[in-house]
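**Q** upload31.cif is the file, holding mmCIF, C-alpha atoms and all ligand atoms:
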data_data
#
loop_
_atom_site.label_atom_id
_atom_site.label_comp_id
_atom_site.auth_asym_id
_atom_site.auth_seq_id
_atom_site.Cartn_x
_atom_site.Cartn_y
_atom_site.Cartn_z
CA MET A 1 -2.72 118.39 10.00
CA ASN A 2 -3.61 115.07 8.34
CA ASP A 3 -5.71 112.25 9.76
CA GLN A 4 -2.79 110.07 10.73
CA ASP A 5 -1.22 112.64 13.02
CA SER A 6 -4.48 113.67 14.58
CA ASP A 7 -5.03 109.99 15.48
CA PHE A 8 -1.87 109.94 17.50
CA GLN A 9 -2.36 113.29 19.14
CA HIS A 10 -5.51 112.05 20.79
CA PRO A 11 -4.78 108.37 21.30
CA VAL A 12 -6.77 108.00 24.49
CA ASP A 13 -9.92 108.93 22.59
CA HIS A 14 -9.47 105.86 20.46
CA THR A 15 -10.17 103.38 23.19
CA LEU A 16 -10.40 100.37 20.91
CA SER A 17 -7.09 100.84 19.12
CA HIS A 18 -5.50 101.80 22.43
CA THR A 19 -6.64 98.51 23.95
CA PHE A 20 -5.37 96.57 20.96
CA LEU A 21 -1.97 98.24 21.07
CA ASN A 22 -1.65 97.35 24.73
CA GLU A 23 -1.88 93.68 23.77
CA PHE A 24 1.24 93.81 21.58
CA SER A 25 4.33 92.00 22.79
CA SER A 26 6.44 94.85 21.44
CA GLY A 27 6.71 98.49 22.41
CA HIS A 28 5.01 101.24 20.43
CA LEU A 29 5.71 104.90 20.89
CA VAL A 30 4.80 108.11 19.17
CA LEU A 31 7.04 111.14 19.68
CA ASP A 32 6.44 114.73 18.70
CA SER A 33 9.00 116.86 16.88
CA HIS A 34 10.64 117.67 20.26
CA ARG A 35 11.13 113.95 20.87
CA LYS A 36 8.53 113.97 23.65
CA ILE A 37 6.26 110.99 24.15
CA VAL A 38 2.69 111.62 22.99
CA TYR A 39 1.66 107.98 23.03
CA CYS A 40 3.04 104.69 24.33
CA ASN A 41 1.54 101.26 24.78
CA ALA A 42 1.60 99.06 27.88
CA TYR A 43 4.84 97.32 26.82
CA ILE A 44 6.71 100.66 27.12
CA GLY A 45 5.15 101.22 30.55
CA SER A 46 6.39 97.89 31.87
CA LEU A 47 9.79 98.32 30.17
CA SER A 48 10.18 101.73 31.84
CA LYS A 49 8.63 100.62 35.14
CA ILE A 50 6.61 103.85 34.98
CA SER A 51 2.88 104.10 34.32
CA GLN A 52 1.83 104.76 30.73
CA GLU A 53 0.10 107.98 31.73
CA ALA A 54 3.19 109.32 33.53
CA LEU A 55 5.29 108.73 30.43
CA ILE A 56 3.28 111.14 28.29
CA GLY A 57 5.23 114.36 27.79
CA GLU A 58 8.56 112.81 28.84
CA SER A 59 11.55 113.22 26.57
CA ILE A 60 12.70 109.96 24.96
CA SER A 61 16.30 110.78 25.92
CA THR A 62 15.34 110.08 29.57
CA PHE A 63 15.01 106.42 28.65
CA PHE A 64 18.34 105.87 26.97
CA THR A 65 21.81 105.53 28.40
CA LYS A 66 24.33 108.30 27.76
CA ALA A 67 26.03 106.26 25.02
CA SER A 68 22.68 105.52 23.35
CA ASN A 69 21.74 109.20 23.44
CA ILE A 70 24.98 110.03 21.64
CA PHE A 71 24.17 107.28 19.13
CA LEU A 72 20.65 108.70 18.79
CA ASP A 73 21.92 112.22 18.06
CA THR A 74 24.81 111.34 15.81
CA TYR A 75 23.50 108.34 13.92
CA VAL A 76 19.82 107.50 14.38
CA TYR A 77 18.27 110.94 13.98
CA PRO A 78 20.44 112.05 11.05
CA ILE A 79 19.45 108.87 9.20
CA LEU A 80 15.82 109.26 10.21
CA LEU A 81 15.74 112.83 8.87
CA HIS A 82 17.41 111.80 5.67
CA GLU A 83 15.81 108.42 4.95
CA LYS A 84 12.57 108.90 6.93
CA LEU A 85 13.18 105.39 8.25
CA VAL A 86 15.58 103.69 10.66
CA THR A 87 15.54 99.92 11.01
CA GLU A 88 17.14 97.47 13.42
CA SER A 89 19.15 99.83 15.56
CA GLN A 90 20.18 98.38 18.87
CA MET A 91 20.18 100.76 21.83
CA SER A 92 20.25 100.58 25.61
CA TRP A 93 16.99 101.39 27.34
CA LEU A 94 17.22 102.87 30.81
CA SER A 95 14.24 101.95 32.95
CA GLY A 96 12.93 104.05 35.83
CA ASP A 97 14.83 101.95 38.41
CA GLY A 98 18.16 102.31 36.55
CA GLU A 99 18.12 98.88 34.87
CA VAL A 100 19.69 98.89 31.39
CA VAL A 101 18.04 96.67 28.79
CA PRO A 102 19.13 96.18 25.16
CA VAL A 103 16.32 97.05 22.73
CA MET A 104 15.95 96.77 18.97
CA ILE A 105 14.33 99.81 17.42
CA ASN A 106 12.56 100.67 14.17
CA ILE A 107 11.47 104.28 13.59
CA LYS A 108 9.44 105.92 10.88
CA LEU A 109 9.31 109.67 10.46
CA GLY A 110 5.80 111.02 9.82
CA GLN A 111 4.32 114.42 9.11
CA ASN A 112 5.20 117.47 11.23
CA GLY A 113 8.24 115.80 12.77
CA MET A 114 6.20 113.09 14.51
CA SER A 115 8.03 109.81 14.76
CA TYR A 116 6.59 106.33 15.17
CA TRP A 117 8.67 103.86 17.11
CA SER A 118 8.41 100.14 17.56
CA LEU A 119 10.86 98.31 19.75
CA TYR A 120 11.41 95.05 21.58
CA ILE A 121 13.82 93.76 24.20
CA CYS A 122 16.63 91.92 22.44
CA ALA A 123 18.47 90.59 25.51
CA LYS A 124 18.52 87.05 24.12
CA ARG A 125 19.81 88.20 20.77
CA ASP A 126 22.30 90.50 22.51
CA LYS A 127 23.49 87.60 24.71
CA LEU A 128 23.82 85.37 21.66
CA HIS A 129 25.72 88.09 19.84
CA THR A 130 28.09 88.53 22.81
CA GLU A 131 28.57 84.76 23.00
CA LEU A 132 29.32 84.63 19.28
CA ILE A 133 31.90 87.41 19.62
CA ASN A 134 33.49 85.66 22.63
CA THR A 135 33.55 82.34 20.77
CA LYS A 136 35.12 84.02 17.75
CA GLU A 137 37.79 85.58 19.95
CA GLU A 138 38.44 82.27 21.74
CA LEU A 139 38.78 80.46 18.39
CA LYS A 140 41.13 83.18 17.14
CA ALA A 141 43.28 82.86 20.28
CA GLN A 142 43.25 79.06 19.98
CA SER A 143 44.26 79.15 16.33
CA GLU A 144 47.05 81.63 17.18
CA ASN A 145 48.22 79.27 19.93
CA LEU A 146 48.09 76.31 17.55
CA TYR A 147 50.03 78.27 14.95
CA GLU A 148 52.61 79.18 17.60
CA LEU A 149 52.87 75.55 18.71
CA ALA A 150 53.19 74.31 15.13
CA THR A 151 55.83 76.81 14.10
CA THR A 152 58.02 77.53 17.11
CA ASP A 153 60.28 75.73 19.51
CA PRO A 154 58.59 75.81 22.93
CA LEU A 155 61.84 76.20 24.92
CA THR A 156 63.34 79.18 23.10
CA GLY A 157 60.45 80.62 21.07
CA LEU A 158 62.61 80.43 17.93
CA LEU A 159 61.27 78.96 14.69
CA ASN A 160 61.20 75.18 14.70
CA ARG A 161 62.76 73.04 11.98
CA ARG A 162 59.51 72.59 10.02
CA GLU A 163 58.75 76.33 9.91
CA LEU A 164 62.35 77.12 9.04
CA LEU A 165 62.10 74.83 5.99
CA VAL A 166 58.92 76.60 4.84
CA GLN A 167 60.22 80.14 5.38
CA ALA A 168 63.71 79.42 4.07
CA GLU A 169 62.35 78.03 0.78
CA ASN A 170 60.51 81.35 0.39
CA VAL A 171 63.75 83.23 1.01
CA ALA A 172 65.50 81.00 -1.54
CA SER A 173 62.88 81.71 -4.22
CA GLN A 174 62.93 85.43 -3.47
CA MET A 175 66.73 85.55 -3.71
CA ASP A 176 66.51 83.69 -7.00
CA ARG A 177 64.00 86.21 -8.38
CA ASN A 178 66.13 89.15 -7.18
CA SER A 179 69.36 87.58 -8.50
CA SER A 180 70.72 87.85 -4.96
CA THR A 181 72.41 85.40 -2.63
CA TYR A 182 71.69 84.23 0.93
CA ALA A 183 73.65 82.52 3.67
CA VAL A 184 72.86 79.51 5.82
CA LEU A 185 74.60 79.39 9.20
CA THR A 186 74.49 76.20 11.25
CA LEU A 187 75.48 76.74 14.88
CA ASP A 188 76.11 74.09 17.50
CA VAL A 189 77.03 74.45 21.19
CA ASP A 190 80.45 72.98 22.00
CA PHE A 191 80.59 70.24 24.64
CA PHE A 192 77.00 70.83 25.62
CA LYS A 193 76.74 67.31 27.02
CA GLN A 194 79.25 68.35 29.69
CA VAL A 195 77.04 71.29 30.68
CA ASN A 196 74.11 68.94 31.19
CA ASP A 197 76.16 66.28 32.91
CA THR A 198 77.90 68.71 35.28
CA HIS A 199 75.20 71.28 35.99
CA GLY A 200 71.97 69.45 35.17
CA HIS A 201 69.45 69.56 32.36
CA GLN A 202 67.67 72.64 33.74
CA THR A 203 70.87 74.68 33.60
CA GLY A 204 71.40 73.30 30.08
CA ASP A 205 67.96 74.64 29.18
CA LYS A 206 68.84 78.05 30.62
CA VAL A 207 71.94 78.10 28.43
CA LEU A 208 69.83 77.32 25.33
CA ILE A 209 67.37 80.10 26.21
CA GLN A 210 70.20 82.59 26.70
CA LEU A 211 71.76 81.56 23.39
CA ALA A 212 68.44 82.09 21.62
CA LYS A 213 68.31 85.63 23.06
CA VAL A 214 71.78 86.40 21.75
CA LEU A 215 70.90 85.07 18.29
CA LEU A 216 67.72 87.16 18.21
CA GLN A 217 69.58 90.27 19.35
CA GLU A 218 72.04 89.90 16.51
CA ARG A 219 69.55 89.34 13.72
CA ARG A 220 68.25 91.81 11.13
CA ALA A 221 64.53 92.10 10.37
CA ASN A 222 64.41 89.54 7.55
CA ASP A 223 66.81 86.98 9.01
CA LEU A 224 65.38 83.61 10.07
CA VAL A 225 66.52 82.16 13.39
CA ALA A 226 65.58 78.58 14.25
CA ARG A 227 66.36 75.86 16.75
CA VAL A 228 66.53 72.72 14.65
CA GLY A 229 67.75 70.16 17.18
CA GLY A 230 68.89 69.76 20.80
CA GLU A 231 71.73 72.30 20.78
CA GLU A 232 71.75 73.09 17.10
CA PHE A 233 70.53 76.36 15.60
CA VAL A 234 70.20 77.63 12.04
CA ILE A 235 70.23 81.22 10.83
CA VAL A 236 69.29 82.28 7.30
CA LEU A 237 70.61 85.66 6.16
CA PRO A 238 69.02 87.01 2.97
CA ASP A 239 70.98 89.34 0.66
CA VAL A 240 74.50 88.65 1.87
CA ASP A 241 77.76 87.62 0.21
CA GLU A 242 80.40 85.29 1.69
CA GLU A 243 82.39 88.04 3.30
CA SER A 244 79.50 89.60 5.21
CA ALA A 245 78.07 86.18 6.14
CA PHE A 246 81.43 85.26 7.70
CA LEU A 247 81.52 88.57 9.60
CA VAL A 248 78.01 88.02 10.97
CA ALA A 249 78.89 84.48 12.04
CA GLU A 250 82.05 85.67 13.79
CA LYS A 251 80.17 88.46 15.54
CA ILE A 252 77.69 85.89 16.87
CA ARG A 253 80.42 83.43 17.86
CA ILE A 254 82.31 86.12 19.82
CA LYS A 255 79.12 87.39 21.48
CA VAL A 256 78.22 83.84 22.55
CA ALA A 257 81.70 83.30 24.02
CA GLU A 258 81.20 86.44 26.14
CA GLN A 259 78.04 85.01 27.75
CA GLU A 260 77.87 83.44 31.18
CA VAL A 261 74.90 81.50 32.48
CA ASP A 262 75.08 80.57 36.17
CA GLY A 263 78.82 81.09 35.95
CA ILE A 264 79.14 78.74 32.96
CA SER A 265 80.86 79.96 29.80
CA ILE A 266 79.96 78.39 26.50
CA THR A 267 81.18 78.51 22.93
CA MET A 268 79.66 77.60 19.60
CA SER A 269 81.00 76.25 16.35
CA ILE A 270 79.50 77.63 13.17
CA GLY A 271 79.31 76.36 9.60
CA VAL A 272 78.48 78.88 6.86
CA VAL A 273 77.46 78.44 3.24
CA VAL A 274 76.36 81.16 0.83
CA SER A 275 74.21 80.39 -2.21
CA GLU A 276 75.46 81.15 -5.68
CA GLN A 277 73.43 82.88 -8.34
CA GLY A 278 71.98 80.59 -10.99
CA MET A 279 72.77 77.41 -9.03
CA GLU A 280 70.14 74.71 -8.86
CA LEU A 281 70.62 74.12 -5.10
CA ASN A 282 67.55 74.32 -2.90
CA PHE A 283 67.59 75.26 0.77
CA ASP A 284 67.87 71.62 1.92
CA ASN A 285 71.08 71.24 -0.12
CA LEU A 286 72.56 74.41 1.35
CA LEU A 287 71.61 73.31 4.85
CA ALA A 288 73.44 70.03 4.35
CA LEU A 289 76.53 71.89 3.06
CA SER A 290 76.38 74.27 6.00
CA ASP A 291 76.14 71.27 8.35
CA ASN A 292 79.26 69.78 6.71
CA ALA A 293 81.09 73.05 7.31
CA LEU A 294 79.98 72.90 10.95
CA LEU A 295 81.36 69.36 11.31
CA SER A 296 84.62 70.59 9.92
CA ALA A 297 84.65 73.43 12.51
CA LYS A 298 84.04 70.84 15.25
CA LYS A 299 86.80 68.57 13.97
CA THR A 300 89.34 71.35 13.70
CA GLY A 301 89.09 72.76 17.20
CA ARG A 302 85.54 74.14 17.88
CA ASN A 303 84.69 77.74 18.83
CA LYS A 304 85.27 78.75 15.23
CA THR A 305 83.50 79.62 12.00
CA THR A 306 84.15 77.48 8.94
CA MET A 307 83.05 78.45 5.46
CA GLY A 308 81.64 75.78 3.14
CA SER A 309 81.18 76.10 -0.57
CA ALA A 310 77.94 75.96 -2.53
CA SER A 311 79.94 74.93 -5.59
CA LYS A 312 80.48 71.47 -4.11
CA SER A 313 78.55 69.02 -6.25
CA PHE A 314 75.71 67.05 -4.75
N1 LIG B 401 69.35 70.88 28.48
C1 LIG B 401 69.05 70.39 27.30
N2 LIG B 401 69.91 69.55 26.71
C2 LIG B 401 69.61 69.06 25.51
C3 LIG B 401 68.42 69.39 24.85
N3 LIG B 401 68.42 68.74 23.66
C4 LIG B 401 69.55 68.02 23.59
N4 LIG B 401 70.31 68.21 24.70
C5 LIG B 401 71.61 67.63 25.07
O1 LIG B 401 72.61 68.16 24.23
C6 LIG B 401 73.74 67.30 24.34
C7 LIG B 401 74.39 67.17 23.00
O2 LIG B 401 75.52 66.43 23.17
P1 LIG B 401 76.47 65.99 22.00
O3 LIG B 401 75.64 65.75 20.76
O4 LIG B 401 77.32 64.88 22.50
O5 LIG B 401 77.32 67.23 21.68
P2 LIG B 401 78.27 68.12 22.55
O6 LIG B 401 78.43 67.60 23.93
O7 LIG B 401 77.74 69.52 22.47
O8 LIG B 401 79.62 67.99 21.80
P3 LIG B 401 80.04 68.71 20.46
O9 LIG B 401 78.82 69.11 19.73
O10 LIG B 401 80.82 67.66 19.73
O11 LIG B 401 80.88 69.86 20.85
C8 LIG B 401 73.18 65.96 24.89
O12 LIG B 401 73.63 65.82 26.23
C9 LIG B 401 71.68 66.15 24.87
O13 LIG B 401 71.03 65.47 25.95
C10 LIG B 401 67.52 70.27 25.50
O14 LIG B 401 66.44 70.64 25.00
N5 LIG B 401 67.87 70.75 26.72
#
As a first step, turn the structure in this file into structure tokens.
Ligand SMILES: Nc1nc2c(ncn2[C@@H]2O[C@H](COP(=O)(O)OP(=O)(O)OP(=O)(O)O)[C@@H](O)[C@H]2O)c(=O)[nH]1

**A**
Amino acid sequence: MNDQDSDFQHPVDHTLSHTFLNEFSSGHLVLDSHRKIVYCNAYIGSLSKISQEALIGESISTFFTKASNIFLDTYVYPILLHEKLVTESQMSWLSGDGEVVPVMINIKLGQNGMSYWSLYICAKRDKLHTELINTKEELKAQSENLYELATTDPLTGLLNRRELLVQAENVASQMDRNSSTYAVLTLDVDFFKQVNDTHGHQTGDKVLIQLAKVLLQERRANDLVARVGGEEFVIVLPDVDEESAFLVAEKIRIKVAEQEVDGISITMSIGVVVSEQGMELNFDNLLALSDNALLSAKKTGRNKTTMGSASKSF
């Protein structure tokens, strides 16, 4: 046995060092190879709410919560055996009266399996850490809310006009790269003013919400669905030709006409334009052409789909 270990096996004989160690504002412990306490200073006594003398011979596991004991067995001790040192591990100390206190621990492994522990209560640091995590989560939630507010229409939850312009330009570039085409559908409720005037604005809102649901039900994963004005919606369909764009628009138009909200039936007029490969038209241009096609649908009877042409010069 070397001098260091013999010191700790008879700590009470070393009255002077014992007295000094009791003055420390941190806990000091010596454990034998069975993890039993062979020495502890006064700090450990007051942390445990058990007299220093009574702690001698106790297993250290008595003073940790169940979770900390698992942590001790699966993380702390394996590292200690391998590295001979464990620094800044936070664990939960269980005092004699059942109080749980967060403690920061450093351990050094000595000869013959003896281990030398120093620890201190880190409640303030733990509180600060918890507050930081809470603040981070609050900020994350706030930024998600802000993103939601900035990109969606609050009534229907669909994309708003600004977000549609951003996402649709991405679709346009992607279609260009893939030598594919995409469709822009502009949809407008027919005689919506009458709905508001006859049944009230709240019922009008319910109609818009129901319409949004129908449009979302009909969309494929990469389609964009936006509310761009009072009763005007836009859908962008990537990778479609004129024929399938027309079929999608008709499917939506028929589905809308089947809806009833508070006994009110509604219809929509739809303008459709499909991009052409190699054309220099951006999304804004296509949107305007699709809007023209919608106007034409309105002028020629409503509750219909009208195809526009991307070949029209701007
Ligand atoms: N309830 C409700 N109504 C809205 C909202 N935004 C716009 N509107 C109403 O939508 C109506 C649109 O009316 P118009 O532009 O005359 O169109 P319309 O009556 O649908 O006629 P056509 O489009 O020509 O078939 C107006 O009465 C607006 O007040 C909204 O968020 N909620």

**Q** Taking into account all atoms listed in the file, which residue in the set A:Ser269, A:Thr135, A:Ser68, A:Ser173 is nearest to Asn282 of chain A?

**A**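 Looking only at the distances to Asn282 of chain A, the closest residue turns out to be A:Ser173.
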
**Q** Quick one: distance from atom CA of Leu211 of chain A to atom CA of Ala297 of chain A in Å, one decimal?

**A**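 For atom CA of Leu211 of chain A relative to atom CA of Ala297 of chain A, the distance reads 18.7 Å.
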
**Q** Find the nearest atom pair between each residue of chain A and ligand LIG 401 (chain B) for residues within 8 Å, count all atoms listed in the file, give distances in Å to one decimal, sort rows by chain and ascending number, and present the table as JSON lines.

**A**
{"residue": "A:Leu155", "atom": "CA", "partner": "B:LIG401", "partner_atom": "O14", "distance": 7.2}
{"residue": "A:Asp188", "atom": "CA", "partner": "B:LIG401", "partner_atom": "O9", "distance": 6.1}
{"residue": "A:Val189", "atom": "CA", "partner": "B:LIG401", "partner_atom": "O7", "distance": 5.1}
{"residue": "A:Asp190", "atom": "CA", "partner": "B:LIG401", "partner_atom": "O11", "distance": 3.4}
{"residue": "A:Phe191", "atom": "CA", "partner": "B:LIG401", "partner_atom": "O6", "distance": 3.5}
{"residue": "A:Phe192", "atom": "CA", "partner": "B:LIG401", "partner_atom": "O7", "distance": 3.5}
{"residue": "A:Lys193", "atom": "CA", "partner": "B:LIG401", "partner_atom": "O6", "distance": 3.5}
{"residue": "A:Gln194", "atom": "CA", "partner": "B:LIG401", "partner_atom": "O6", "distance": 5.9}
{"residue": "A:Val195", "atom": "CA", "partner": "B:LIG401", "partner_atom": "O6", "distance": 7.8}
{"residue": "A:Asn196", "atom": "CA", "partner": "B:LIG401", "partner_atom": "N1", "distance": 5.8}
{"residue": "A:Asp197", "atom": "CA", "partner": "B:LIG401", "partner_atom": "O12", "distance": 7.2}
{"residue": "A:Gly200", "atom": "CA", "partner": "B:LIG401", "partner_atom": "N1", "distance": 7.3}
{"residue": "A:His201", "atom": "CA", "partner": "B:LIG401", "partner_atom": "N1", "distance": 4.1}
{"residue": "A:Gln202", "atom": "CA", "partner": "B:LIG401", "partner_atom": "N1", "distance": 5.8}
{"residue": "A:Thr203", "atom": "CA", "partner": "B:LIG401", "partner_atom": "N1", "distance": 6.6}
{"residue": "A:Gly204", "atom": "CA", "partner": "B:LIG401", "partner_atom": "N1", "distance": 3.6}
{"residue": "A:Asp205", "atom": "CA", "partner": "B:LIG401", "partner_atom": "N1", "distance": 4.1}
{"residue": "A:Lys206", "atom": "CA", "partner": "B:LIG401", "partner_atom": "N1", "distance": 7.5}
{"residue": "A:Val207", "atom": "CA", "partner": "B:LIG401", "partner_atom": "N1", "distance": 7.7}
{"residue": "A:Leu208", "atom": "CA", "partner": "B:LIG401", "partner_atom": "N5", "distance": 7.0}
{"residue": "A:Gly229", "atom": "CA", "partner": "B:LIG401", "partner_atom": "N3", "distance": 6.7}
{"residue": "A:Gly230", "atom": "CA", "partner": "B:LIG401", "partner_atom": "N3", "distance": 3.1}
{"residue": "A:Glu231", "atom": "CA", "partner": "B:LIG401", "partner_atom": "O1", "distance": 5.5}
{"residue": "A:Met268", "atom": "CA", "partner": "B:LIG401", "partner_atom": "O11", "distance": 7.9}
{"residue": "A:Ser269", "atom": "CA", "partner": "B:LIG401", "partner_atom": "O11", "distance": 7.8}
{"residue": "A:Lys298", "atom": "CA", "partner": "B:LIG401", "partner_atom": "O10", "distance": 6.4}
{"residue": "A:Arg302", "atom": "CA", "partner": "B:LIG401", "partner_atom": "O11", "distance": 7.0}

**Q** Mind pulling up the distance from atom CA of Glu250 of chain A to atom CA of Thr267 of chain A?

**A** 11.6 Å

**Q** Can you pull out every residue within 12 Å of Thr152 of chain A, counting all atoms listed in the file, but drop anything in the same chain fewer than 6 positions away, and send it as a PDB file with C-alpha atoms, in the coordinates of the input?

**A**
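Final output, saved to selection-v8.pdb:
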ATOM      1  CA  GLU A 144      47.050  81.630  17.180  1.00  0.00           C
ATOM      2  CA  ASN A 145      48.220  79.270  19.930  1.00  0.00           C
ATOM      3  CA  LEU A 146      48.090  76.310  17.550  1.00  0.00           C
ATOM      4  CA  LEU A 158      62.610  80.430  17.930  1.00  0.00           C
ATOM      5  CA  LEU A 159      61.270  78.960  14.690  1.00  0.00           C
ATOM      6  CA  ASN A 160      61.200  75.180  14.700  1.00  0.00           C
ATOM      7  CA  ARG A 161      62.760  73.040  11.980  1.00  0.00           C
ATOM      8  CA  ARG A 162      59.510  72.590  10.020  1.00  0.00           C
ATOM      9  CA  GLU A 163      58.750  76.330   9.910  1.00  0.00           C
ATOM     10  CA  LEU A 164      62.350  77.120   9.040  1.00  0.00           C
ATOM     11  CA  LEU A 224      65.380  83.610  10.070  1.00  0.00           C
ATOM     12  CA  VAL A 225      66.520  82.160  13.390  1.00  0.00           C
ATOM     13  CA  ALA A 226      65.580  78.580  14.250  1.00  0.00           C
ATOM     14  CA  ARG A 227      66.360  75.860  16.750  1.00  0.00           C
ATOM     15  CA  VAL A 228      66.530  72.720  14.650  1.00  0.00           C
TER      16      VAL A 228
END

**Q** Please measure the separation of atom CA of Val240 of chain A and atom CA of Thr181 of chain A, giving the value in Å to one decimal.

**A** 5.9 Å

**Q** Any idea what's packed within 9 Å of segment 309-311 of chain A, counting only C-alpha atoms, ignoring anything in its chain fewer than 4 positions away? Could you give it as a PyMOL selection string?

**A** chain A and resi 272-276+279+281+285-286+289-290+293

**Q** Please list as a list in words every residue within 10 Å of Asp284 of chain A, counting all atoms listed in the file and excluding residues in the same chain fewer than 6 positions away.

**A**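 Selected residues are Leu165, Ala168, Glu169 and Ser290 of chain A.
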
**Q** Tell me which protein, DNA and RNA residues are within 12 Å of Asp126 of chain A, counting all atoms listed in the file, leaving out same-chain ones fewer than 3 positions away, and put them as a PyMOL selection string.

**A** chain A and resi 90-92+101-104+120-123+129-133

**Q** Give me the residues near segment 108-115 of chain A as a ChimeraX atom specification, where near means some atom within 6 Å (using only C-alpha atoms) and where sequence neighbours in that chain fewer than 6 positions away do not count.

**A** /A:30-33,84-85

**Q** May I ask which of the residues A:Ser265, A:Thr306, A:Asn222, A:Asn292 is the closest one to Ala249 of chain A, counting only C-alpha atoms?

**A**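 Ranked by minimum distance to Ala249 of chain A, first place goes to A:Thr306.
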
**Q** Which is closest to Gly57 of chain A among A:Ile70, A:Cys40, A:Leu185, A:Leu139, if we use all atoms listed in the file?

**A**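 Of all the options, A:Cys40 lies closest to Gly57 of chain A.
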